[in-house]
Number of protein chains: 2
Amino acid sequence: MPDTPSRPPLRLREFLPYRLSVLSNTISRRIAEIYDREFGLTIWQWRAMAVTGDTPGISATEIGQRTAMDKVAVSRAVAGLIELGYLERKASEDDGRRSKLYLTRTGQSVYEEIVPMAMSEEKLLTDVLSASERAELERLMEKLAGAASPERPLW
Amino acid sequence: MPDTPSRPPLRLREFLPYRLSVLSNTISRRIAEIYDREFGLTIWQWRAMAVTGDTPGISATEIGQRTAMDKVAVSRAVAGLIELGYLERKASEDDGRRSKLYLTRTGQSVYEEIVPMAMSEEKLLTDVLSASERAELERLMEKLAGAASPERPLW
DNA sequence: CTAAATTAGTTTCATATGTAACTAATTGAT
DNA sequence: ATCAATTAGTTACATATGAAACTAATTTAG
């Protein structure tokens, strides 16, 4: 007579926040591994590079806004990319605190040749879903995101 | 003021792995905050506790299998829980390397208290979805999990 | 039986990450 | 014009995390 549960048991495997976390971490780890193995980039570096290639002259703060990285993460990613010779920094004429970031020639070739390959690798993961399934998933995630937003009271 | 050019931007915000990660982190942080504030537990500690409460006498290795935590994380979580007086360790009769883990009386009461909280928090989240939407979400997550599983070759 | 191989779990070390403190430049209020 | 407040970005510090080395117990091969 070990137990007479007075409430439904918590099954971690069926617990949505847990499952979301495991799924997201699995995917993130997988993708990070690809960037590292193929290009020697962290996922943060790749994101910073991708938006800089897309918007030359972008500032670190703007990179943060576009990628949801905090400013410390951006600072470190950019420093690493400059170290690798993929990015260069130019002083902004109108604001001495800002720098404008550009791909170097090398960085440009990475952006044009290697980064699209990375995006197609990422696509392989999500291609198991049809377009309509992806749309549906996005819709459901949208709803959950609303429910989880910090403005919402806790209990 | 300088503005961004009107070329097609990198649509990071629409990219599924990225959005999944943001959603999962939002939810996890929200829940982790509750565990920490209410009970002084990390999310890893809570997970170890949840499966121990569900399966008394479980071993550390089994906790890892049930929660997708690696053995180092389990070891640290369990050590912390013993320190807090929530778990106790008993030697396994048949295998001297193993320990069997149990909730203490205190741990049991925390478990009793925390489980309904966790479940009601989950309910707040999932209640924004209808039953069929929840089922569909499960199905889509299943598919993605399969696509992201490490056994799957990338090409 | 005995030595090699395996397994459970811990510790160590190196790296990653977040928060806060900090520097330098700009803006704003008076 | 001056000084407080704000902003861009970096550095420092404390903690989290993962890989690998390690200890101890068990299993397996011969």
# chains A, B, ... in the order shown; residues from 1 in each chain; ligands from 1
$ interface_residues --of "chain D" --to "chain A" --cutoff "12 Å" --atoms "only C-alpha atoms (C1' of nucleotides)" --output "list of chain:residue names"
D:DT7, D:DA8, D:DG9, D:DT10, D:DT11
$ closest_atom_pairs --of "chain B" --to "chain A" --cutoff "7 Å" --atoms "only C-alpha atoms" --output "tab-separated table"
residue	atom	partner	partner_atom	distance
B:Thr4	CA	A:Thr55	CA	6.6
B:Pro5	CA	A:Thr55	CA	7.0
B:Pro9	CA	A:Asp54	CA	6.0
B:Leu10	CA	A:Val51	CA	6.3
B:Leu12	CA	A:Thr67	CA	6.8
B:Pro17	CA	A:Ile27	CA	6.7
B:Leu20	CA	A:Ser24	CA	6.0
B:Ser21	CA	A:Ser24	CA	5.4
B:Leu23	CA	A:Ala145	CA	6.0
B:Ser24	CA	A:Ser21	CA	5.4
B:Thr26	CA	A:Ala148	CA	6.9
B:Ile27	CA	A:Ala148	CA	5.9
B:Ser28	CA	A:Pro17	CA	6.6
B:Val115	CA	A:Leu10	CA	6.7
B:Glu121	CA	A:Trp155	CA	7.0
B:Glu122	CA	A:Leu16	CA	7.0
B:Leu125	CA	A:Ala147	CA	5.5
B:Val128	CA	A:Lys143	CA	6.7
B:Leu137	CA	A:Leu137	CA	6.6
B:Leu140	CA	A:Leu137	CA	7.0
B:Lys143	CA	A:Val128	CA	6.9
B:Leu144	CA	A:Val128	CA	7.0
B:Ala145	CA	A:Leu23	CA	5.9
B:Ala147	CA	A:Leu125	CA	5.7
B:Ala148	CA	A:Ile27	CA	5.5
$ calpha_fit_and_write --fixed "chain A" --moving "chain B" --output "compact mmCIF listing (two decimals) with N, CA and C atoms, in the first residue's frame"
# COMPACT_ATOMS: atom_id res chain seq x y z
N MET B 1 11.49 -4.88 -4.76
CA MET B 1 11.87 -3.53 -5.21
C MET B 1 10.77 -2.53 -4.90
N PRO B 2 11.12 -1.38 -4.37
CA PRO B 2 10.11 -0.38 -4.06
C PRO B 2 9.56 0.23 -5.34
N ASP B 3 8.29 0.51 -5.34
CA ASP B 3 7.70 1.11 -6.54
C ASP B 3 6.97 2.40 -6.17
N THR B 4 6.67 3.18 -7.21
CA THR B 4 6.00 4.45 -6.95
C THR B 4 4.51 4.21 -6.71
N PRO B 5 3.93 5.01 -5.82
CA PRO B 5 2.50 4.86 -5.56
C PRO B 5 1.68 5.25 -6.78
N SER B 6 0.43 4.87 -6.82
CA SER B 6 -0.38 5.07 -8.02
C SER B 6 -1.22 6.34 -7.94
N ARG B 7 -0.74 7.34 -7.22
CA ARG B 7 -1.47 8.61 -7.22
C ARG B 7 -1.16 9.38 -8.49
N PRO B 8 -1.97 10.38 -8.83
CA PRO B 8 -1.70 11.13 -10.08
C PRO B 8 -0.35 11.83 -10.02
N PRO B 9 0.52 11.55 -10.97
CA PRO B 9 1.85 12.16 -10.97
C PRO B 9 1.81 13.59 -11.46
N LEU B 10 2.83 14.34 -11.14
CA LEU B 10 2.98 15.66 -11.75
C LEU B 10 3.27 15.46 -13.23
N ARG B 11 2.46 16.03 -14.07
CA ARG B 11 2.64 15.78 -15.48
C ARG B 11 3.55 16.81 -16.13
N LEU B 12 4.76 16.83 -15.62
CA LEU B 12 5.74 17.78 -16.13
C LEU B 12 5.98 17.58 -17.61
N ARG B 13 6.00 16.34 -18.03
CA ARG B 13 6.30 16.06 -19.43
C ARG B 13 5.20 16.53 -20.36
N GLU B 14 4.02 16.76 -19.82
CA GLU B 14 2.93 17.24 -20.66
C GLU B 14 2.77 18.74 -20.55
N PHE B 15 3.60 19.34 -19.75
CA PHE B 15 3.44 20.76 -19.49
C PHE B 15 4.11 21.57 -20.59
N LEU B 16 3.33 22.43 -21.23
CA LEU B 16 3.78 23.07 -22.46
C LEU B 16 5.10 23.85 -22.34
N PRO B 17 5.26 24.73 -21.36
CA PRO B 17 6.52 25.47 -21.30
C PRO B 17 7.73 24.54 -21.18
N TYR B 18 7.53 23.48 -20.42
CA TYR B 18 8.60 22.51 -20.25
C TYR B 18 8.93 21.81 -21.57
N ARG B 19 7.90 21.38 -22.27
CA ARG B 19 8.13 20.67 -23.53
C ARG B 19 8.72 21.59 -24.59
N LEU B 20 8.26 22.81 -24.58
CA LEU B 20 8.79 23.79 -25.52
C LEU B 20 10.29 23.98 -25.28
N SER B 21 10.62 24.07 -24.01
CA SER B 21 12.02 24.25 -23.64
C SER B 21 12.87 23.06 -24.07
N VAL B 22 12.36 21.85 -23.87
CA VAL B 22 13.11 20.67 -24.28
C VAL B 22 13.29 20.64 -25.79
N LEU B 23 12.22 20.91 -26.51
CA LEU B 23 12.29 20.91 -27.98
C LEU B 23 13.27 21.95 -28.49
N SER B 24 13.12 23.16 -27.98
CA SER B 24 13.98 24.25 -28.43
C SER B 24 15.45 23.95 -28.12
N ASN B 25 15.70 23.43 -26.93
CA ASN B 25 17.08 23.11 -26.58
C ASN B 25 17.65 22.00 -27.44
N THR B 26 16.82 21.02 -27.77
CA THR B 26 17.28 19.95 -28.64
C THR B 26 17.70 20.50 -29.99
N ILE B 27 16.83 21.33 -30.56
CA ILE B 27 17.12 21.90 -31.87
C ILE B 27 18.32 22.83 -31.81
N SER B 28 18.35 23.70 -30.80
CA SER B 28 19.45 24.65 -30.68
C SER B 28 20.78 23.95 -30.51
N ARG B 29 20.79 22.94 -29.66
CA ARG B 29 22.04 22.23 -29.42
C ARG B 29 22.53 21.58 -30.71
N ARG B 30 21.61 21.02 -31.42
CA ARG B 30 21.91 20.37 -32.69
C ARG B 30 22.56 21.35 -33.66
N ILE B 31 21.96 22.52 -33.77
CA ILE B 31 22.46 23.52 -34.71
C ILE B 31 23.75 24.14 -34.21
N ALA B 32 23.79 24.40 -32.91
CA ALA B 32 25.01 24.99 -32.32
C ALA B 32 26.21 24.08 -32.58
N GLU B 33 25.95 22.80 -32.50
CA GLU B 33 27.02 21.83 -32.73
C GLU B 33 27.58 21.95 -34.15
N ILE B 34 26.69 22.16 -35.09
CA ILE B 34 27.12 22.32 -36.48
C ILE B 34 27.98 23.58 -36.64
N TYR B 35 27.48 24.69 -36.13
CA TYR B 35 28.23 25.95 -36.24
C TYR B 35 29.60 25.82 -35.60
N ASP B 36 29.62 25.17 -34.45
CA ASP B 36 30.88 25.04 -33.73
C ASP B 36 31.84 24.14 -34.49
N ARG B 37 31.35 22.99 -34.89
CA ARG B 37 32.21 22.02 -35.56
C ARG B 37 32.70 22.55 -36.91
N GLU B 38 31.80 23.14 -37.68
CA GLU B 38 32.16 23.55 -39.03
C GLU B 38 32.94 24.87 -39.08
N PHE B 39 32.57 25.78 -38.18
CA PHE B 39 33.13 27.13 -38.30
C PHE B 39 33.70 27.69 -37.01
N GLY B 40 33.62 26.94 -35.92
CA GLY B 40 34.13 27.44 -34.65
C GLY B 40 33.36 28.63 -34.11
N LEU B 41 32.07 28.68 -34.42
CA LEU B 41 31.25 29.80 -33.97
C LEU B 41 30.27 29.38 -32.89
N THR B 42 30.03 30.29 -31.93
CA THR B 42 28.92 30.07 -31.01
C THR B 42 27.64 30.49 -31.71
N ILE B 43 26.53 30.14 -31.13
CA ILE B 43 25.27 30.49 -31.74
C ILE B 43 25.06 32.00 -31.72
N TRP B 44 25.60 32.66 -30.70
CA TRP B 44 25.49 34.13 -30.61
C TRP B 44 26.32 34.79 -31.69
N GLN B 45 27.50 34.23 -31.90
CA GLN B 45 28.36 34.76 -32.95
C GLN B 45 27.71 34.59 -34.31
N TRP B 46 27.14 33.41 -34.50
CA TRP B 46 26.47 33.15 -35.77
C TRP B 46 25.32 34.13 -35.99
N ARG B 47 24.56 34.38 -34.95
CA ARG B 47 23.43 35.29 -35.11
C ARG B 47 23.91 36.71 -35.44
N ALA B 48 24.94 37.14 -34.73
CA ALA B 48 25.48 38.48 -35.01
C ALA B 48 25.96 38.54 -36.45
N MET B 49 26.59 37.47 -36.88
CA MET B 49 27.09 37.42 -38.24
C MET B 49 25.96 37.42 -39.26
N ALA B 50 24.92 36.69 -38.95
CA ALA B 50 23.80 36.58 -39.88
C ALA B 50 23.16 37.94 -40.13
N VAL B 51 22.93 38.71 -39.08
CA VAL B 51 22.29 40.01 -39.29
C VAL B 51 23.26 41.01 -39.89
N THR B 52 24.55 40.85 -39.60
CA THR B 52 25.52 41.75 -40.23
C THR B 52 25.63 41.46 -41.72
N GLY B 53 25.61 40.19 -42.05
CA GLY B 53 25.62 39.82 -43.47
C GLY B 53 24.39 40.34 -44.18
N ASP B 54 23.31 40.35 -43.47
CA ASP B 54 22.05 40.79 -44.05
C ASP B 54 21.97 42.31 -44.12
N THR B 55 22.62 42.98 -43.19
CA THR B 55 22.55 44.44 -43.09
C THR B 55 23.93 45.02 -42.79
N PRO B 56 24.79 45.12 -43.80
CA PRO B 56 26.14 45.62 -43.56
C PRO B 56 26.10 47.04 -42.99
N GLY B 57 27.01 47.33 -42.08
CA GLY B 57 27.06 48.65 -41.47
C GLY B 57 26.18 48.76 -40.25
N ILE B 58 25.59 47.66 -39.83
CA ILE B 58 24.72 47.64 -38.66
C ILE B 58 25.54 47.95 -37.40
N SER B 59 24.89 48.52 -36.40
CA SER B 59 25.58 48.80 -35.13
C SER B 59 25.31 47.67 -34.14
N ALA B 60 26.11 47.62 -33.09
CA ALA B 60 25.95 46.58 -32.08
C ALA B 60 24.56 46.64 -31.45
N THR B 61 24.11 47.83 -31.17
CA THR B 61 22.78 47.98 -30.57
C THR B 61 21.69 47.43 -31.48
N GLU B 62 21.84 47.72 -32.77
CA GLU B 62 20.85 47.21 -33.71
C GLU B 62 20.91 45.68 -33.82
N ILE B 63 22.11 45.14 -33.71
CA ILE B 63 22.21 43.68 -33.71
C ILE B 63 21.42 43.11 -32.54
N GLY B 64 21.58 43.77 -31.39
CA GLY B 64 20.83 43.32 -30.23
C GLY B 64 19.33 43.35 -30.45
N GLN B 65 18.86 44.42 -31.07
CA GLN B 65 17.42 44.53 -31.32
C GLN B 65 16.94 43.47 -32.30
N ARG B 66 17.75 43.19 -33.28
CA ARG B 66 17.34 42.24 -34.31
C ARG B 66 17.40 40.80 -33.83
N THR B 67 18.22 40.52 -32.85
CA THR B 67 18.45 39.13 -32.47
C THR B 67 17.97 38.79 -31.06
N ALA B 68 17.43 39.78 -30.35
CA ALA B 68 17.02 39.57 -28.96
C ALA B 68 18.19 39.19 -28.06
N MET B 69 19.38 39.66 -28.42
CA MET B 69 20.53 39.46 -27.55
C MET B 69 20.71 40.75 -26.73
N ASP B 70 21.16 40.62 -25.48
CA ASP B 70 21.44 41.84 -24.74
C ASP B 70 22.79 42.41 -25.17
N LYS B 71 23.05 43.65 -24.78
CA LYS B 71 24.21 44.34 -25.33
C LYS B 71 25.53 43.70 -24.90
N VAL B 72 25.54 43.07 -23.72
CA VAL B 72 26.75 42.38 -23.29
C VAL B 72 27.03 41.19 -24.20
N ALA B 73 26.01 40.44 -24.49
CA ALA B 73 26.17 39.29 -25.36
C ALA B 73 26.63 39.72 -26.75
N VAL B 74 26.06 40.81 -27.25
CA VAL B 74 26.46 41.32 -28.56
C VAL B 74 27.93 41.73 -28.53
N SER B 75 28.28 42.47 -27.50
CA SER B 75 29.66 42.93 -27.38
C SER B 75 30.63 41.76 -27.42
N ARG B 76 30.31 40.72 -26.67
CA ARG B 76 31.21 39.58 -26.62
C ARG B 76 31.23 38.83 -27.95
N ALA B 77 30.07 38.66 -28.56
CA ALA B 77 30.02 37.95 -29.84
C ALA B 77 30.82 38.71 -30.89
N VAL B 78 30.62 40.02 -30.95
CA VAL B 78 31.33 40.83 -31.94
C VAL B 78 32.83 40.80 -31.70
N ALA B 79 33.23 40.91 -30.44
CA ALA B 79 34.66 40.85 -30.12
C ALA B 79 35.26 39.54 -30.63
N GLY B 80 34.54 38.45 -30.39
CA GLY B 80 35.02 37.15 -30.84
C GLY B 80 35.12 37.07 -32.36
N LEU B 81 34.16 37.64 -33.05
CA LEU B 81 34.14 37.58 -34.50
C LEU B 81 35.26 38.42 -35.10
N ILE B 82 35.55 39.54 -34.46
CA ILE B 82 36.66 40.37 -34.92
C ILE B 82 37.98 39.63 -34.71
N GLU B 83 38.07 39.01 -33.54
CA GLU B 83 39.23 38.17 -33.22
C GLU B 83 39.43 37.09 -34.28
N LEU B 84 38.33 36.48 -34.71
CA LEU B 84 38.40 35.42 -35.72
C LEU B 84 38.67 35.97 -37.11
N GLY B 85 38.56 37.29 -37.25
CA GLY B 85 38.78 37.88 -38.56
C GLY B 85 37.56 37.83 -39.47
N TYR B 86 36.39 37.64 -38.87
CA TYR B 86 35.17 37.55 -39.68
C TYR B 86 34.44 38.89 -39.78
N LEU B 87 34.66 39.76 -38.81
CA LEU B 87 34.00 41.06 -38.80
C LEU B 87 35.06 42.14 -38.70
N GLU B 88 34.70 43.32 -39.22
CA GLU B 88 35.53 44.49 -38.93
C GLU B 88 34.63 45.64 -38.52
N ARG B 89 35.27 46.55 -37.77
CA ARG B 89 34.54 47.64 -37.18
C ARG B 89 35.02 48.92 -37.83
N LYS B 90 34.09 49.79 -38.21
CA LYS B 90 34.49 51.11 -38.69
C LYS B 90 33.79 52.15 -37.86
N ALA B 91 34.47 53.25 -37.59
CA ALA B 91 33.85 54.31 -36.80
C ALA B 91 32.70 54.91 -37.58
N SER B 92 31.65 55.24 -36.88
CA SER B 92 30.55 55.94 -37.52
C SER B 92 30.92 57.40 -37.69
N GLU B 93 30.63 57.95 -38.88
CA GLU B 93 31.02 59.34 -39.15
C GLU B 93 30.25 60.30 -38.25
N ASP B 94 28.97 60.00 -38.08
CA ASP B 94 28.10 60.97 -37.42
C ASP B 94 27.95 60.75 -35.92
N ASP B 95 28.41 59.64 -35.40
CA ASP B 95 28.27 59.39 -33.96
C ASP B 95 29.47 58.60 -33.45
N GLY B 96 30.29 59.27 -32.68
CA GLY B 96 31.55 58.69 -32.22
C GLY B 96 31.40 57.53 -31.26
N ARG B 97 30.18 57.34 -30.73
CA ARG B 97 30.01 56.20 -29.82
C ARG B 97 29.76 54.92 -30.60
N ARG B 98 29.19 55.05 -31.74
CA ARG B 98 28.81 53.89 -32.52
C ARG B 98 29.95 53.36 -33.38
N SER B 99 29.87 52.08 -33.68
CA SER B 99 30.70 51.52 -34.74
C SER B 99 29.76 50.90 -35.76
N LYS B 100 30.22 50.88 -36.97
CA LYS B 100 29.49 50.19 -38.02
C LYS B 100 30.23 48.89 -38.30
N LEU B 101 29.48 47.83 -38.41
CA LEU B 101 30.09 46.51 -38.54
C LEU B 101 29.90 45.94 -39.94
N TYR B 102 30.95 45.29 -40.42
CA TYR B 102 30.95 44.69 -41.76
C TYR B 102 31.59 43.32 -41.71
N LEU B 103 31.14 42.45 -42.59
CA LEU B 103 31.84 41.19 -42.78
C LEU B 103 33.15 41.47 -43.50
N THR B 104 34.21 40.81 -43.10
CA THR B 104 35.44 40.84 -43.87
C THR B 104 35.27 39.92 -45.08
N ARG B 105 36.29 39.90 -45.92
CA ARG B 105 36.23 38.97 -47.05
C ARG B 105 36.05 37.54 -46.55
N THR B 106 36.86 37.18 -45.55
CA THR B 106 36.75 35.83 -44.98
C THR B 106 35.36 35.61 -44.38
N GLY B 107 34.92 36.61 -43.63
CA GLY B 107 33.60 36.51 -43.01
C GLY B 107 32.52 36.33 -44.06
N GLN B 108 32.67 37.04 -45.14
CA GLN B 108 31.69 36.94 -46.22
C GLN B 108 31.62 35.52 -46.77
N SER B 109 32.79 34.91 -46.93
CA SER B 109 32.78 33.57 -47.50
C SER B 109 32.22 32.55 -46.51
N VAL B 110 32.51 32.78 -45.22
CA VAL B 110 31.91 31.90 -44.21
C VAL B 110 30.39 32.07 -44.23
N TYR B 111 29.99 33.32 -44.31
CA TYR B 111 28.55 33.61 -44.35
C TYR B 111 27.89 32.92 -45.53
N GLU B 112 28.53 33.01 -46.68
CA GLU B 112 27.97 32.39 -47.89
C GLU B 112 27.85 30.88 -47.72
N GLU B 113 28.80 30.33 -46.96
CA GLU B 113 28.82 28.89 -46.81
C GLU B 113 27.82 28.43 -45.76
N ILE B 114 27.74 29.23 -44.70
CA ILE B 114 26.98 28.78 -43.54
C ILE B 114 25.48 28.97 -43.75
N VAL B 115 25.10 30.00 -44.47
CA VAL B 115 23.68 30.29 -44.65
C VAL B 115 22.93 29.13 -45.32
N PRO B 116 23.45 28.62 -46.41
CA PRO B 116 22.74 27.48 -47.02
C PRO B 116 22.67 26.28 -46.09
N MET B 117 23.73 26.07 -45.31
CA MET B 117 23.71 24.97 -44.36
C MET B 117 22.61 25.15 -43.33
N ALA B 118 22.56 26.35 -42.77
CA ALA B 118 21.54 26.64 -41.77
C ALA B 118 20.15 26.46 -42.36
N MET B 119 20.00 26.96 -43.59
CA MET B 119 18.69 26.88 -44.20
C MET B 119 18.30 25.46 -44.55
N SER B 120 19.28 24.67 -44.95
CA SER B 120 18.92 23.30 -45.28
C SER B 120 18.63 22.51 -44.01
N GLU B 121 19.32 22.88 -42.95
CA GLU B 121 19.00 22.23 -41.67
C GLU B 121 17.58 22.59 -41.24
N GLU B 122 17.25 23.86 -41.40
CA GLU B 122 15.89 24.27 -41.06
C GLU B 122 14.88 23.55 -41.93
N LYS B 123 15.24 23.39 -43.20
CA LYS B 123 14.33 22.75 -44.13
C LYS B 123 14.07 21.30 -43.71
N LEU B 124 15.12 20.63 -43.25
CA LEU B 124 14.93 19.27 -42.77
C LEU B 124 13.89 19.23 -41.66
N LEU B 125 13.96 20.24 -40.81
CA LEU B 125 13.01 20.29 -39.71
C LEU B 125 11.60 20.59 -40.21
N THR B 126 11.50 21.67 -40.98
CA THR B 126 10.16 22.13 -41.33
C THR B 126 9.52 21.27 -42.40
N ASP B 127 10.33 20.49 -43.11
CA ASP B 127 9.75 19.65 -44.14
C ASP B 127 8.87 18.54 -43.58
N VAL B 128 8.99 18.29 -42.28
CA VAL B 128 8.08 17.29 -41.72
C VAL B 128 6.69 17.89 -41.53
N LEU B 129 6.57 19.20 -41.69
CA LEU B 129 5.27 19.85 -41.59
C LEU B 129 4.79 20.27 -42.97
N SER B 130 3.49 20.21 -43.18
CA SER B 130 2.92 20.73 -44.42
C SER B 130 2.89 22.25 -44.34
N ALA B 131 2.63 22.89 -45.45
CA ALA B 131 2.58 24.35 -45.47
C ALA B 131 1.54 24.87 -44.48
N SER B 132 0.40 24.24 -44.45
CA SER B 132 -0.64 24.75 -43.54
C SER B 132 -0.28 24.47 -42.09
N GLU B 133 0.41 23.38 -41.85
CA GLU B 133 0.87 23.11 -40.49
C GLU B 133 1.90 24.15 -40.05
N ARG B 134 2.78 24.50 -40.96
CA ARG B 134 3.78 25.53 -40.64
C ARG B 134 3.09 26.84 -40.30
N ALA B 135 2.09 27.19 -41.10
CA ALA B 135 1.36 28.43 -40.86
C ALA B 135 0.67 28.39 -39.50
N GLU B 136 0.09 27.25 -39.20
CA GLU B 136 -0.60 27.12 -37.91
C GLU B 136 0.41 27.21 -36.76
N LEU B 137 1.54 26.58 -36.93
CA LEU B 137 2.57 26.67 -35.89
C LEU B 137 2.98 28.12 -35.65
N GLU B 138 3.17 28.85 -36.73
CA GLU B 138 3.52 30.27 -36.61
C GLU B 138 2.46 31.01 -35.81
N ARG B 139 1.23 30.75 -36.14
CA ARG B 139 0.13 31.45 -35.48
C ARG B 139 0.11 31.14 -33.97
N LEU B 140 0.28 29.89 -33.64
CA LEU B 140 0.23 29.49 -32.22
C LEU B 140 1.42 30.07 -31.46
N MET B 141 2.57 30.07 -32.11
CA MET B 141 3.75 30.63 -31.46
C MET B 141 3.58 32.12 -31.24
N GLU B 142 2.98 32.78 -32.21
CA GLU B 142 2.66 34.20 -32.09
C GLU B 142 1.81 34.45 -30.85
N LYS B 143 0.80 33.66 -30.68
CA LYS B 143 -0.09 33.80 -29.54
C LYS B 143 0.65 33.63 -28.22
N LEU B 144 1.45 32.59 -28.16
CA LEU B 144 2.20 32.33 -26.94
C LEU B 144 3.18 33.45 -26.66
N ALA B 145 3.81 33.93 -27.72
CA ALA B 145 4.78 35.02 -27.55
C ALA B 145 4.09 36.24 -26.95
N GLY B 146 2.88 36.52 -27.42
CA GLY B 146 2.13 37.64 -26.86
C GLY B 146 1.81 37.42 -25.39
N ALA B 147 1.43 36.19 -25.06
CA ALA B 147 1.07 35.89 -23.68
C ALA B 147 2.27 35.99 -22.75
N ALA B 148 3.45 35.70 -23.29
CA ALA B 148 4.65 35.67 -22.45
C ALA B 148 5.37 37.00 -22.43
N SER B 149 4.91 37.95 -23.22
CA SER B 149 5.65 39.20 -23.31
C SER B 149 5.59 39.94 -21.98
N PRO B 150 6.69 40.58 -21.62
CA PRO B 150 6.84 41.15 -20.29
C PRO B 150 5.85 42.27 -20.00
N GLU B 151 5.27 42.87 -21.04
CA GLU B 151 4.32 43.95 -20.78
C GLU B 151 3.04 43.40 -20.17
N ARG B 152 2.80 42.12 -20.41
CA ARG B 152 1.53 41.57 -19.99
C ARG B 152 1.53 41.32 -18.48
N PRO B 153 0.58 41.91 -17.76
CA PRO B 153 0.51 41.65 -16.33
C PRO B 153 0.05 40.22 -16.10
N LEU B 154 0.42 39.69 -14.96
CA LEU B 154 0.10 38.28 -14.75
C LEU B 154 -1.30 38.04 -14.26
N TRP B 155 -1.83 38.99 -13.55
CA TRP B 155 -3.22 38.83 -13.09
C TRP B 155 -4.10 39.82 -13.81
$ atom_distance --atom1 "C1' of DA8 in chain C" --atom2 "C1' of DA16 in chain D"
23.2 Å
$ select_by_dssp --residues "chain A" --states "alpha helix (DSSP H)" --output "PyMOL selection string"
chain A and resi 16-39+43-54+60-67+71-83+105-109+115-126+131-148
$ interface_residues --of "chain C" --to "chain B" --cutoff "9 Å" --atoms "only C-alpha atoms (C1' of nucleotides)" --output "list in words"
DT7, DA8, DG9 and DT10 of chain C
$ write_last_selection --atoms "C-alpha atoms (C1' of nucleotides)" --output "PDB file, in the first residue's frame"
ATOM      1  C1'  DT C   7      29.118   1.136 -15.111  1.00  0.00           C
ATOM      2  C1'  DA C   8      27.557   4.572 -11.281  1.00  0.00           C
ATOM      3  C1'  DG C   9      28.596   8.540  -9.666  1.00  0.00           C
ATOM      4  C1'  DT C  10      31.887  12.500  -8.323  1.00  0.00           C
TER       5       DT C  10
END
$ select_by_dssp --residues "range 11-148 of chain A" --states "strand (DSSP E)" --output "ChimeraX atom specification"
/A:87-91,99-103
$ residues_around --residues "DT6 in chain C" --least-positions-apart "4" --cutoff "10 Å" --atoms "only C-alpha atoms (C1' of nucleotides)" --output "list of chain:residue names"
D:DT26, D:DT27, D:DT28
$ residues_around --residues "DT2 in chain D" --least-positions-apart "2" --cutoff "12 Å" --atoms "only C-alpha atoms (C1' of nucleotides)" --output "MDAnalysis selection string"
(chainID C and resid 28:30) or (chainID D and resid 4)
$ residues_around --residues "DA20 in chain D" --least-positions-apart "4" --cutoff "12 Å" --atoms "only C-alpha atoms (C1' of nucleotides)" --output "list in words"
Val72 of chain B; DT11, DT12, DC13 and DA14 of chain C
$ residues_around --residues "DG30 in chain D" --least-positions-apart "5" --cutoff "12 Å" --atoms "only C-alpha atoms (C1' of nucleotides)" --output "ChimeraX atom specification"
/C:1-4
$ write_last_selection --atoms "C-alpha atoms (C1' of nucleotides)" --output "PDB file, in the first residue's frame"
ATOM      1  C1'  DC C   1      39.789 -17.306 -10.089  1.00  0.00           C
ATOM      2  C1'  DT C   2      41.682 -13.090 -12.087  1.00  0.00           C
ATOM      3  C1'  DA C   3      42.429  -9.286 -14.975  1.00  0.00           C
ATOM      4  C1'  DA C   4      40.275  -6.344 -18.273  1.00  0.00           C
TER       5       DA C   4
END
